>>> print(open('upload_36.cif').read())   # mmCIF, C-alpha atoms
data_input
loop_
_atom_site.label_atom_id
_atom_site.label_comp_id
_atom_site.auth_asym_id
_atom_site.auth_seq_id
_atom_site.Cartn_x
_atom_site.Cartn_y
_atom_site.Cartn_z
CA MET A 23 -0.90 -24.57 0.14
CA VAL A 24 2.61 -25.22 1.39
CA ASP A 25 3.13 -28.72 2.73
CA LYS A 26 5.73 -29.76 5.24
CA SER A 27 8.27 -31.13 2.79
CA THR A 28 8.38 -27.85 0.86
CA LYS A 29 8.90 -26.01 4.11
CA ALA A 30 11.81 -28.22 5.03
CA ALA A 31 13.45 -27.75 1.65
CA ARG A 32 13.35 -24.00 2.09
CA GLY A 33 14.98 -24.13 5.49
CA THR A 34 13.63 -22.91 8.79
CA VAL A 35 10.57 -20.80 8.99
CA GLN A 36 10.87 -17.97 11.36
CA CYS A 37 7.74 -16.70 13.05
CA GLU A 38 6.97 -13.40 14.64
CA ASN A 39 3.95 -13.01 16.84
CA THR A 40 2.98 -9.48 16.08
CA ASN A 41 -0.61 -8.97 17.24
CA ILE A 42 -0.72 -5.60 15.53
CA ASN A 43 -4.10 -4.03 14.89
CA LEU A 44 -4.97 -4.19 11.19
CA LEU A 45 -5.92 -0.55 11.34
CA LYS A 46 -2.82 0.52 13.26
CA ALA A 47 -1.99 3.04 10.54
CA ASN A 48 -5.47 4.57 10.92
CA ASP A 49 -5.42 4.52 14.73
CA PHE A 50 -2.01 6.18 14.81
CA VAL A 51 -3.40 9.14 12.85
CA ALA A 52 -6.59 9.15 14.99
CA ASP A 53 -4.36 9.67 18.03
CA ILE A 54 -2.68 12.63 16.34
CA ILE A 55 -6.13 14.14 15.67
CA LYS A 56 -7.10 13.62 19.35
CA LYS A 57 -3.97 15.49 20.44
CA GLU A 58 -4.67 18.34 18.01
CA MET A 59 -8.22 18.70 19.32
CA ALA A 60 -6.99 18.60 22.92
CA LYS A 61 -4.80 21.66 22.28
CA THR A 62 -7.84 23.84 21.61
CA ASN A 63 -10.41 21.78 23.58
CA THR A 64 -12.54 21.51 20.44
CA LEU A 65 -15.25 18.87 20.75
CA LEU A 66 -15.10 16.42 17.83
CA ILE A 67 -18.25 14.47 16.98
CA ASN A 68 -18.48 11.75 14.35
CA ILE A 69 -21.99 11.54 12.86
CA THR A 70 -22.80 8.22 11.21
CA SER A 71 -25.90 6.62 9.71
CA SER A 72 -27.10 4.96 6.56
CA ALA A 73 -27.64 7.16 3.51
CA GLY A 74 -30.67 9.44 3.65
CA SER A 75 -31.42 9.33 7.37
CA GLY A 76 -31.12 13.09 7.80
CA LYS A 77 -27.52 13.81 8.85
CA THR A 78 -27.17 16.96 6.77
CA THR A 79 -30.60 18.28 7.75
CA LEU A 80 -29.66 17.72 11.38
CA MET A 81 -26.41 19.64 10.81
CA GLN A 82 -28.43 22.52 9.33
CA LYS A 83 -30.88 22.52 12.24
CA THR A 84 -28.11 22.27 14.85
CA ALA A 85 -26.24 25.14 13.21
CA GLU A 86 -29.38 27.24 13.13
CA LYS A 87 -30.07 26.61 16.85
CA LEU A 88 -26.55 26.92 18.21
CA LYS A 89 -24.56 29.23 15.94
CA ASP A 90 -25.19 32.27 18.13
CA LYS A 91 -24.09 30.42 21.27
CA ILE A 92 -21.06 28.46 20.07
CA ARG A 93 -18.70 28.31 17.12
CA ILE A 94 -19.47 25.29 14.93
CA ALA A 95 -17.83 23.83 11.84
CA VAL A 96 -18.60 20.73 9.80
CA MET A 97 -16.57 18.48 7.55
CA VAL A 98 -18.73 16.26 5.43
CA GLY A 99 -17.75 13.13 3.54
CA ASP A 100 -19.44 11.93 0.38
CA LEU A 101 -18.41 9.84 -2.58
CA GLU A 102 -19.05 12.73 -4.95
CA THR A 103 -20.35 16.34 -5.17
CA GLU A 104 -20.18 19.32 -2.85
CA ARG A 105 -23.95 19.44 -2.30
CA ASP A 106 -23.96 18.70 1.43
CA ALA A 107 -21.29 21.28 2.26
CA ASP A 108 -23.25 23.85 0.20
CA ARG A 109 -26.41 23.09 2.17
CA ILE A 110 -24.63 23.45 5.50
CA ARG A 111 -22.89 26.69 4.45
CA GLU A 112 -26.30 28.23 3.72
CA THR A 113 -26.89 28.27 7.49
CA GLY A 114 -23.86 30.53 7.87
CA ILE A 115 -21.36 28.12 9.40
CA GLN A 116 -18.08 26.86 7.99
CA ALA A 117 -18.33 23.59 6.07
CA LEU A 118 -15.78 21.60 4.15
CA GLN A 119 -16.57 18.80 1.74
CA ILE A 120 -14.36 15.72 1.68
CA VAL A 121 -14.95 13.90 -1.59
CA THR A 122 -13.84 10.32 -1.06
CA GLY A 123 -14.02 9.42 -4.74
CA GLY A 124 -15.75 6.10 -4.23
CA ILE A 125 -14.46 5.15 -0.80
CA CYS A 126 -17.32 4.09 1.48
CA HIS A 127 -16.09 5.63 4.74
CA LEU A 128 -13.85 8.38 6.11
CA GLU A 129 -10.40 7.47 7.43
CA ALA A 130 -8.35 9.32 10.02
CA GLN A 131 -5.83 10.29 7.34
CA MET A 132 -8.54 12.12 5.34
CA ILE A 133 -9.56 14.11 8.42
CA HIS A 134 -5.99 14.93 9.34
CA GLN A 135 -5.26 16.17 5.82
CA VAL A 136 -7.95 18.84 5.99
CA LEU A 137 -7.62 19.74 9.67
CA ASP A 138 -5.31 22.68 8.95
CA GLN A 139 -8.11 24.29 6.91
CA PHE A 140 -9.93 24.94 10.17
CA ASP A 141 -9.00 27.60 12.70
CA LEU A 142 -9.49 25.26 15.66
CA GLU A 143 -8.69 28.01 18.18
CA ASN A 144 -12.01 29.54 17.15
CA ILE A 145 -14.12 26.39 16.92
CA ASP A 146 -15.92 24.90 19.92
CA LEU A 147 -17.61 22.05 18.09
CA LEU A 148 -16.41 20.26 14.98
CA PHE A 149 -18.73 17.74 13.37
CA ILE A 150 -17.57 15.03 11.01
CA GLU A 151 -20.54 14.01 8.91
CA ASN A 152 -19.44 10.58 7.79
CA VAL A 153 -20.33 8.81 4.54
CA GLY A 154 -23.84 7.35 4.76
CA ASN A 155 -23.12 3.71 5.57
CA LEU A 156 -23.71 1.68 8.73
CA VAL A 157 -20.95 -0.84 8.02
CA CYS A 158 -17.48 0.43 7.10
CA PRO A 159 -17.33 3.72 9.05
CA SER A 160 -17.79 1.75 12.29
CA SER A 161 -14.26 0.36 12.08
CA PHE A 162 -12.42 3.63 11.55
CA ASP A 163 -11.61 5.72 14.62
CA LEU A 164 -11.40 9.35 13.52
CA GLY A 165 -10.15 10.61 16.88
CA GLU A 166 -13.67 11.72 17.84
CA ASP A 167 -14.84 12.38 21.40
CA TYR A 168 -18.26 10.90 20.69
CA ARG A 169 -19.87 8.87 17.95
CA VAL A 170 -23.51 9.67 17.22
CA THR A 171 -25.58 7.39 14.98
CA LEU A 172 -28.81 8.45 13.34
CA MET A 173 -31.47 5.82 12.80
CA ALA A 174 -34.41 7.11 10.78
CA THR A 175 -37.93 5.88 11.44
CA THR A 176 -38.23 5.21 7.69
CA GLU A 177 -35.37 2.69 7.80
CA GLY A 178 -37.15 0.10 9.90
CA ASP A 179 -36.52 -0.66 13.57
CA ASP A 180 -34.44 -3.79 12.95
CA LYS A 181 -31.14 -2.07 12.14
CA PRO A 182 -29.21 -2.28 15.46
CA LYS A 183 -29.03 -6.09 15.34
CA LYS A 184 -28.22 -6.06 11.64
CA TYR A 185 -25.35 -3.60 12.02
CA PRO A 186 -24.24 -4.29 15.61
CA LYS A 187 -20.72 -2.89 15.37
CA MET A 188 -21.95 0.61 14.63
CA PHE A 189 -24.30 0.61 17.60
CA LEU A 190 -21.71 -1.00 19.88
CA THR A 191 -19.22 1.77 19.10
CA SER A 192 -21.71 4.65 19.30
CA ASP A 193 -22.39 6.81 22.34
CA MET A 194 -25.71 8.20 21.17
CA MET A 195 -28.48 6.98 18.89
CA LEU A 196 -30.75 9.64 17.44
CA VAL A 197 -34.04 8.19 16.24
CA SER A 198 -34.52 10.68 13.41
CA LYS A 199 -37.55 11.66 11.30
CA ALA A 200 -39.69 11.17 14.41
CA ASP A 201 -42.39 13.36 12.80
CA LEU A 202 -43.11 10.39 10.49
CA LEU A 203 -43.81 7.96 13.35
CA PRO A 204 -47.60 8.09 12.87
CA TYR A 205 -47.19 6.94 9.25
CA VAL A 206 -44.52 4.22 9.45
CA PRO A 207 -44.45 0.79 11.10
CA PHE A 208 -41.60 1.67 13.45
CA SER A 209 -41.38 1.07 17.17
CA VAL A 210 -39.05 3.36 19.12
CA GLU A 211 -39.35 0.96 22.04
CA ALA A 212 -38.26 -2.03 19.92
CA VAL A 213 -35.33 -0.20 18.32
CA THR A 214 -34.17 1.05 21.73
CA LYS A 215 -34.42 -2.44 23.24
CA ASP A 216 -32.40 -4.00 20.40
CA ALA A 217 -29.81 -1.22 20.43
CA ARG A 218 -29.38 -1.49 24.20
CA GLU A 219 -28.96 -5.28 24.00
CA VAL A 220 -25.95 -4.50 21.84
CA ASN A 221 -24.78 -1.50 23.89
CA HIS A 222 -26.39 -0.91 27.26
CA GLU A 223 -24.67 2.46 27.69
CA LEU A 224 -26.16 3.90 24.48
CA GLU A 225 -28.06 7.15 24.98
CA VAL A 226 -31.20 7.60 22.88
CA ILE A 227 -33.03 10.74 21.76
CA GLN A 228 -36.08 10.80 19.51
CA ILE A 229 -35.64 13.71 17.14
CA SER A 230 -37.11 15.49 14.14
CA SER A 231 -35.25 18.28 12.40
CA LEU A 232 -38.54 19.34 10.78
CA SER A 233 -40.92 19.44 13.74
CA GLU A 234 -38.02 20.23 16.11
CA GLU A 235 -39.03 17.45 18.50
CA GLY A 236 -35.98 16.51 20.58
CA VAL A 237 -33.82 19.21 19.01
CA ASP A 238 -33.47 21.14 22.28
CA GLU A 239 -32.54 17.96 24.13
CA TRP A 240 -29.89 17.22 21.46
CA CYS A 241 -28.51 20.75 21.62
CA ASP A 242 -28.37 20.61 25.44
CA TRP A 243 -26.45 17.34 25.20
CA LEU A 244 -23.95 19.00 22.85
CA LEU A 245 -23.57 22.07 25.06
CA GLU A 246 -22.97 19.85 28.10
CA LYS A 247 -20.27 17.88 26.26
CA ILE A 248 -18.62 21.13 25.11
CA GLU A 249 -18.60 22.39 28.73
CA GLN A 250 -17.00 19.14 29.86
CA LYS A 251 -14.35 19.34 27.15
CA LYS A 252 -13.49 22.91 28.07
CA GLY A 253 -13.07 21.62 31.62
CA MET B 17 -13.76 -0.49 -0.99
CA HIS B 18 -13.46 -1.12 2.71
CA GLU B 19 -11.41 -4.30 2.13
CA THR B 20 -8.98 -2.46 -0.13
CA SER B 21 -8.36 0.09 2.63
CA ILE B 22 -7.68 -2.69 5.10
CA VAL B 23 -5.22 -4.45 2.82
CA ASN B 24 -3.42 -1.15 2.22
CA SER B 25 -3.28 -0.57 5.95
CA ILE B 26 -1.84 -4.06 6.55
CA MET B 27 0.90 -3.55 3.97
CA ARG B 28 1.73 -0.04 5.24
CA THR B 29 1.88 -1.32 8.82
CA LEU B 30 4.19 -4.20 7.92
CA GLU B 31 6.44 -1.84 5.98
CA GLN B 32 6.73 0.33 9.08
CA GLU B 33 7.27 -2.63 11.36
CA PHE B 34 9.95 -4.55 9.43
CA GLU B 35 13.09 -3.73 7.41
CA THR B 36 12.87 -4.18 3.64
CA GLU B 37 15.37 -7.04 3.81
CA LYS B 38 13.12 -8.91 6.19
CA LEU B 39 9.98 -8.10 4.19
CA ASN B 40 11.58 -9.74 1.16
CA LYS B 41 11.65 -12.99 3.14
CA MET B 42 8.04 -12.69 4.24
CA LYS B 43 6.15 -15.90 3.60
CA THR B 44 2.75 -15.81 5.26
CA ILE B 45 0.67 -13.13 6.97
CA HIS B 46 -1.75 -14.50 9.56
CA LEU B 47 -4.74 -12.37 10.46
CA LYS B 48 -7.12 -12.92 13.34
CA VAL B 49 -10.45 -11.17 12.79
CA GLY B 50 -13.53 -11.19 14.94
CA ILE B 51 -17.05 -11.73 13.73
CA LEU B 52 -17.74 -8.11 14.78
CA SER B 53 -14.95 -6.62 12.67
CA ASN B 54 -17.16 -6.38 9.56
CA ILE B 55 -14.47 -8.21 7.66
CA GLU B 56 -15.62 -10.81 5.17
CA PRO B 57 -12.66 -13.16 4.59
CA ARG B 58 -13.55 -13.94 0.98
CA LEU B 59 -13.63 -10.26 0.06
CA LEU B 60 -10.42 -9.60 1.94
CA TYR B 61 -8.67 -12.43 0.06
CA ASN B 62 -9.87 -10.87 -3.21
CA ALA B 63 -8.67 -7.43 -2.20
CA TYR B 64 -5.35 -8.96 -1.17
CA GLU B 65 -4.96 -10.64 -4.58
CA ALA B 66 -5.69 -7.34 -6.27
CA SER B 67 -3.09 -5.61 -4.12
CA GLN B 68 -0.54 -8.29 -5.03
CA MET B 69 -0.98 -7.41 -8.70
CA MET B 70 -0.09 -3.81 -7.89
CA ASN B 71 2.79 -4.80 -5.60
CA PRO B 72 4.55 -7.72 -7.34
CA GLU B 73 7.28 -7.78 -4.65
CA TYR B 74 4.75 -9.51 -2.38
CA HIS B 75 3.31 -11.90 -4.96
CA HIS B 76 4.68 -14.95 -3.12
CA VAL B 77 3.33 -13.90 0.28
CA LYS B 78 0.29 -15.86 1.46
CA LEU B 79 -2.56 -14.48 3.49
CA LYS B 80 -4.36 -16.61 6.09
CA ILE B 81 -7.40 -15.42 7.97
CA GLU B 82 -8.70 -16.92 11.20
CA MET B 83 -12.20 -15.84 12.32
CA THR B 84 -13.12 -15.65 16.01
CA GLU B 85 -16.55 -15.87 17.64
CA LEU B 86 -17.99 -13.25 20.00
CA LYS B 87 -17.41 -13.65 23.74
CA ILE B 88 -18.04 -11.29 26.65
CA GLU B 89 -16.75 -11.54 30.21
CA CYS B 90 -19.11 -10.25 32.87
CA GLU B 91 -17.57 -7.51 35.02
CA VAL B 92 -19.68 -8.58 37.98
CA CYS B 93 -19.59 -12.40 38.08
CA ASP B 94 -16.61 -13.01 35.70
CA HIS B 95 -18.71 -15.50 33.72
CA ILE B 96 -17.77 -15.83 30.05
CA THR B 97 -20.71 -15.85 27.63
CA ASP B 98 -20.77 -16.79 23.95
CA VAL B 99 -22.76 -13.94 22.46
CA LYS B 100 -25.64 -15.17 20.31
CA ASN B 101 -27.85 -12.94 18.19
CA TYR B 102 -25.84 -9.89 19.31
CA ARG B 103 -27.38 -10.05 22.76
CA PHE B 104 -24.61 -8.65 24.99
CA ILE B 105 -26.04 -10.01 28.23
CA CYS B 106 -24.34 -12.34 30.75
CA ASP B 107 -25.71 -15.91 30.60
CA ASN B 108 -25.16 -16.36 34.30
CA CYS B 109 -26.41 -13.19 36.02
CA GLU B 110 -28.38 -11.59 33.13
CA ARG B 111 -26.51 -8.27 33.45
CA PRO B 112 -25.65 -6.36 30.27
CA SER B 113 -21.95 -6.13 29.44
CA LYS B 114 -19.80 -4.43 26.82
CA ASN B 115 -16.68 -6.23 27.97
CA VAL B 116 -15.93 -8.02 24.69
CA ILE B 117 -12.98 -10.39 25.18
CA GLN B 118 -13.12 -12.03 21.77
CA GLY B 119 -14.76 -11.37 18.42
CA GLU B 120 -13.75 -7.74 17.90
CA GLU B 121 -10.16 -8.44 16.86
CA MET B 122 -8.60 -7.09 13.71
CA LEU B 123 -5.09 -8.34 14.18
CA ILE B 124 -2.02 -9.08 12.17
CA HIS B 125 -1.56 -11.98 14.50
CA LYS B 126 1.61 -13.56 13.20
CA VAL B 127 4.03 -13.14 10.31
CA GLU B 128 6.14 -15.99 8.95
CA PHE B 129 9.49 -15.39 7.29
CA ASP B 130 11.83 -17.70 5.41
CA ASP B 131 15.08 -17.94 7.25
#
>>> encode(input="upload_36.cif", output="structure tokens")
Amino acid sequence: MVDKSTKAARGTVQCENTNINLLKANDFVADIIKKEMAKTNTLLINITSSAGSGKTTLMQKTAEKLKDKIRIAVMVGDLETERDADRIRETGIQALQIVTGGICHLEAQMIHQVLDQFDLENIDLLFIENVGNLVCPSSFDLGEDYRVTLMATTEGDDKPKKYPKMFLTSDMMLVSKADLLPYVPFSVEAVTKDAREVNHELEVIQISSLSEEGVDEWCDWLLEKIEQKKG
Amino acid sequence: MHETSIVNSIMRTLEQEFETEKLNKMKTIHLKVGILSNIEPRLLYNAYEASQMMNPEYHHVKLKIEMTELKIECEVCDHITDVKNYRFICDNCERPSKNVIQGEEMLIHKVEFDD
């Protein structure tokens, strides 16, 4: 603690009101990514959720359903291993693993660094599968057009109020693992109500990559957003 | 890990914003962070201390964090509501609103320098 007398002894204290965003460095790079994507009209979607809610399985299913209609690529962030990228590649689409080495979220700089590995001219839809975590990734803009958050029925329907920032900054909530609804104490109505109290514009689809419930609706949503981006 | 990234971002931003000569006179960094920013002051102070060990040139620079509560302003009736329990609904007209006017900040609000 510096008291007044110490201040006086040191001379005048000059103050600058800066009001700079803490994540200015990140947001600056996110803007660069946005501009890059605008050049080729590639739709960029940031997929977030907690760990184990089915992001990679959804990527596989989406690739399987849409790869003959559109050109898809995925970059996937994890703390370690290339397992997720391997799984996605098995479906025949391009996938790149970003190993964060312990960092709990993806930052715009990490995306920008690998962007030149993709031939964006020939990609309609680029997914960023974020690190499984409902907290930290919510603060980092990756230059995405839309943020989609998965919320698995096995996680419990109380998550939107516990992790409000993620749901406030998302455009779509996918209630995943819907095939397990008969076996788990999870109310889609309750989770939707809570999520919409946080973000009344949030779109919601109930989905299961296994039973394929909601998968067509999800794919139609993606195709519509790609159309819009292509103008 | 999140806090370390934020501290790095703060230091990188300040280095871009100010000349080295001025940075050497930096005395206090004031942050203003909203309740919705997912920033826990205690952890950020710890991360800042750790960063000071790596960057001894800033060892004398203090960090102060001010937290702000959540407020929304209704687009329809202009009423300002203190958001409780993450219920983003206007107190006055009961309409939902995403118009957050306070509580989302992550700002380097003010920087003090020795003259």
>>> interface_residues(input="upload_36.cif", of="chain A", to="chain B", cutoff="8 Å", atoms="all atoms listed in the file", output="PyMOL selection string")
chain A and resi 32-48+124-127+157-158+161+183+186-187+190+219-222
>>> residues_near_point(input="upload_36.cif", point="(-24.1, 13.8, 3.8)", cutoff="12 Å", atoms="all atoms listed in the file", output="ChimeraX atom specification")
/A:69-82,96-110,117-122,127-128,149-155,172
>>> atom_distance(input="upload_36.cif", atom1="atom CA of A:Asp90", atom2="atom CA of A:Leu148")
15.2 Å
>>> resolve_selection(input="upload_36.cif", expression="the PyMOL selection byres ((chain B and resi 90) around 10)", output="list in words")
Lys87, Ile88, Glu89, Glu91, Val92, Cys93, Asp94, His95, Ile96, Thr97, Phe104, Ile105, Cys106, Asp107, Asn108, Cys109, Glu110, Arg111, Pro112, Ser113, Lys114, Asn115, Val116 and Ile117 of chain B
>>> resolve_selection(input="upload_36.cif", expression="the PyMOL selection byres ((chain A and resi 191-197) around 8)", output="list in words")
Ser160, Tyr168, Arg169, Val170, Thr171, Leu172, Met173, Ala174, Thr175, Lys187, Met188, Phe189, Leu190, Ser198, Lys199, Ala200, Val210, Glu223, Leu224, Glu225, Val226, Ile227, Gln228 and Ile229 of chain A
>>> atom_distance(input="upload_36.cif", atom1="atom CA of B:Gly119", atom2="atom CA of A:Val213")
23.4 Å
>>> atom_distance(input="upload_36.cif", atom1="atom CA of A:Ile145", atom2="atom CA of A:Phe162")
23.4 Å
>>> closest_atom_pairs(input="upload_36.cif", of="stretch 37-128 of chain A", to="stretch 236-248 of chain A", cutoff="8 Å", atoms="only C-alpha atoms", output="JSON lines")
{"residue": "A:Thr64", "atom": "CA", "partner": "A:Ile248", "partner_atom": "CA", "distance": 7.7}
{"residue": "A:Leu65", "atom": "CA", "partner": "A:Ile248", "partner_atom": "CA", "distance": 6.0}
{"residue": "A:Thr84", "atom": "CA", "partner": "A:Cys241", "partner_atom": "CA", "distance": 7.0}
{"residue": "A:Lys87", "atom": "CA", "partner": "A:Cys241", "partner_atom": "CA", "distance": 7.7}
{"residue": "A:Leu88", "atom": "CA", "partner": "A:Cys241", "partner_atom": "CA", "distance": 7.3}
>>> residues_around(input="upload_36.cif", residues="A:Asp201", least_positions_apart="5", cutoff="9 Å", atoms="all atoms listed in the file", output="number ranges by chain")
A: 175, 229-235
>>> closest_residue(input="upload_36.cif", among="A:Phe208, A:Glu249, A:Gly178, A:Lys215", to="A:Ile92", atoms="only C-alpha atoms")
A:Glu249
>>> axis_aligned_box(input="upload_36.cif", around="stretch 152-158 of chain A", padding_each_side="3 Å", output="AutoDock Vina command-line options")
--center_x -20.7 --center_y 4.9 --center_z 6.6 --size_x 12.4 --size_y 17.4 --size_z 10.2
>>> build_atoms(input="upload_36.cif", residues="stretch 168-186 of chain A", atoms="N, CA and C atoms", output="mmCIF file, in the coordinates of the input")
data_model
loop_
_atom_site.group_PDB
_atom_site.id
_atom_site.type_symbol
_atom_site.label_atom_id
_atom_site.label_comp_id
_atom_site.auth_asym_id
_atom_site.auth_seq_id
_atom_site.Cartn_x
_atom_site.Cartn_y
_atom_site.Cartn_z
ATOM 1 N N TYR A 168 -17.029 11.689 20.639
ATOM 2 C CA TYR A 168 -18.260 10.900 20.690
ATOM 3 C C TYR A 168 -18.676 10.506 19.284
ATOM 4 N N ARG A 169 -19.311 9.320 19.214
ATOM 5 C CA ARG A 169 -19.870 8.870 17.950
ATOM 6 C C ARG A 169 -21.390 8.879 18.096
ATOM 7 N N VAL A 170 -22.055 9.546 17.177
ATOM 8 C CA VAL A 170 -23.510 9.670 17.220
ATOM 9 C C VAL A 170 -24.080 9.020 15.962
ATOM 10 N N THR A 171 -24.988 8.072 16.129
ATOM 11 C CA THR A 171 -25.580 7.390 14.980
ATOM 12 C C THR A 171 -27.050 7.733 14.826
ATOM 13 N N LEU A 172 -27.409 8.166 13.627
ATOM 14 C CA LEU A 172 -28.810 8.450 13.340
ATOM 15 C C LEU A 172 -29.474 7.183 12.821
ATOM 16 N N MET A 173 -30.719 7.011 13.208
ATOM 17 C CA MET A 173 -31.470 5.820 12.800
ATOM 18 C C MET A 173 -32.862 6.351 12.470
ATOM 19 N N ALA A 174 -33.158 6.478 11.171
ATOM 20 C CA ALA A 174 -34.410 7.110 10.780
ATOM 21 C C ALA A 174 -35.592 6.156 10.918
ATOM 22 N N THR A 175 -36.733 6.714 11.269
ATOM 23 C CA THR A 175 -37.930 5.880 11.440
ATOM 24 C C THR A 175 -38.342 5.222 10.121
ATOM 25 N N THR A 176 -37.884 5.783 9.004
ATOM 26 C CA THR A 176 -38.230 5.210 7.690
ATOM 27 C C THR A 176 -37.350 4.002 7.338
ATOM 28 N N GLU A 177 -36.300 3.786 8.132
ATOM 29 C CA GLU A 177 -35.370 2.690 7.800
ATOM 30 C C GLU A 177 -35.838 1.348 8.316
ATOM 31 N N GLY A 178 -36.765 1.355 9.269
ATOM 32 C CA GLY A 178 -37.150 0.100 9.900
ATOM 33 C C GLY A 178 -36.394 -0.067 11.204
ATOM 34 N N ASP A 179 -37.102 -0.637 12.219
ATOM 35 C CA ASP A 179 -36.520 -0.660 13.570
ATOM 36 C C ASP A 179 -35.614 -1.863 13.831
ATOM 37 N N ASP A 180 -35.245 -2.571 12.757
ATOM 38 C CA ASP A 180 -34.440 -3.790 12.950
ATOM 39 C C ASP A 180 -32.942 -3.571 12.721
ATOM 40 N N LYS A 181 -32.530 -2.318 12.535
ATOM 41 C CA LYS A 181 -31.140 -2.070 12.140
ATOM 42 C C LYS A 181 -30.079 -2.361 13.210
ATOM 43 N N PRO A 182 -30.318 -2.081 14.499
ATOM 44 C CA PRO A 182 -29.210 -2.280 15.460
ATOM 45 C C PRO A 182 -28.662 -3.702 15.483
ATOM 46 N N LYS A 183 -29.518 -4.701 15.321
ATOM 47 C CA LYS A 183 -29.030 -6.090 15.340
ATOM 48 C C LYS A 183 -28.416 -6.475 14.000
ATOM 49 N N LYS A 184 -28.792 -5.749 12.942
ATOM 50 C CA LYS A 184 -28.220 -6.060 11.640
ATOM 51 C C LYS A 184 -26.836 -5.444 11.478
ATOM 52 N N TYR A 185 -26.629 -4.301 12.132
ATOM 53 C CA TYR A 185 -25.350 -3.600 12.020
ATOM 54 C C TYR A 185 -24.789 -3.352 13.422
ATOM 55 N N PRO A 186 -24.545 -4.437 14.185
ATOM 56 C CA PRO A 186 -24.240 -4.290 15.610
ATOM 57 C C PRO A 186 -22.991 -3.466 15.912
#
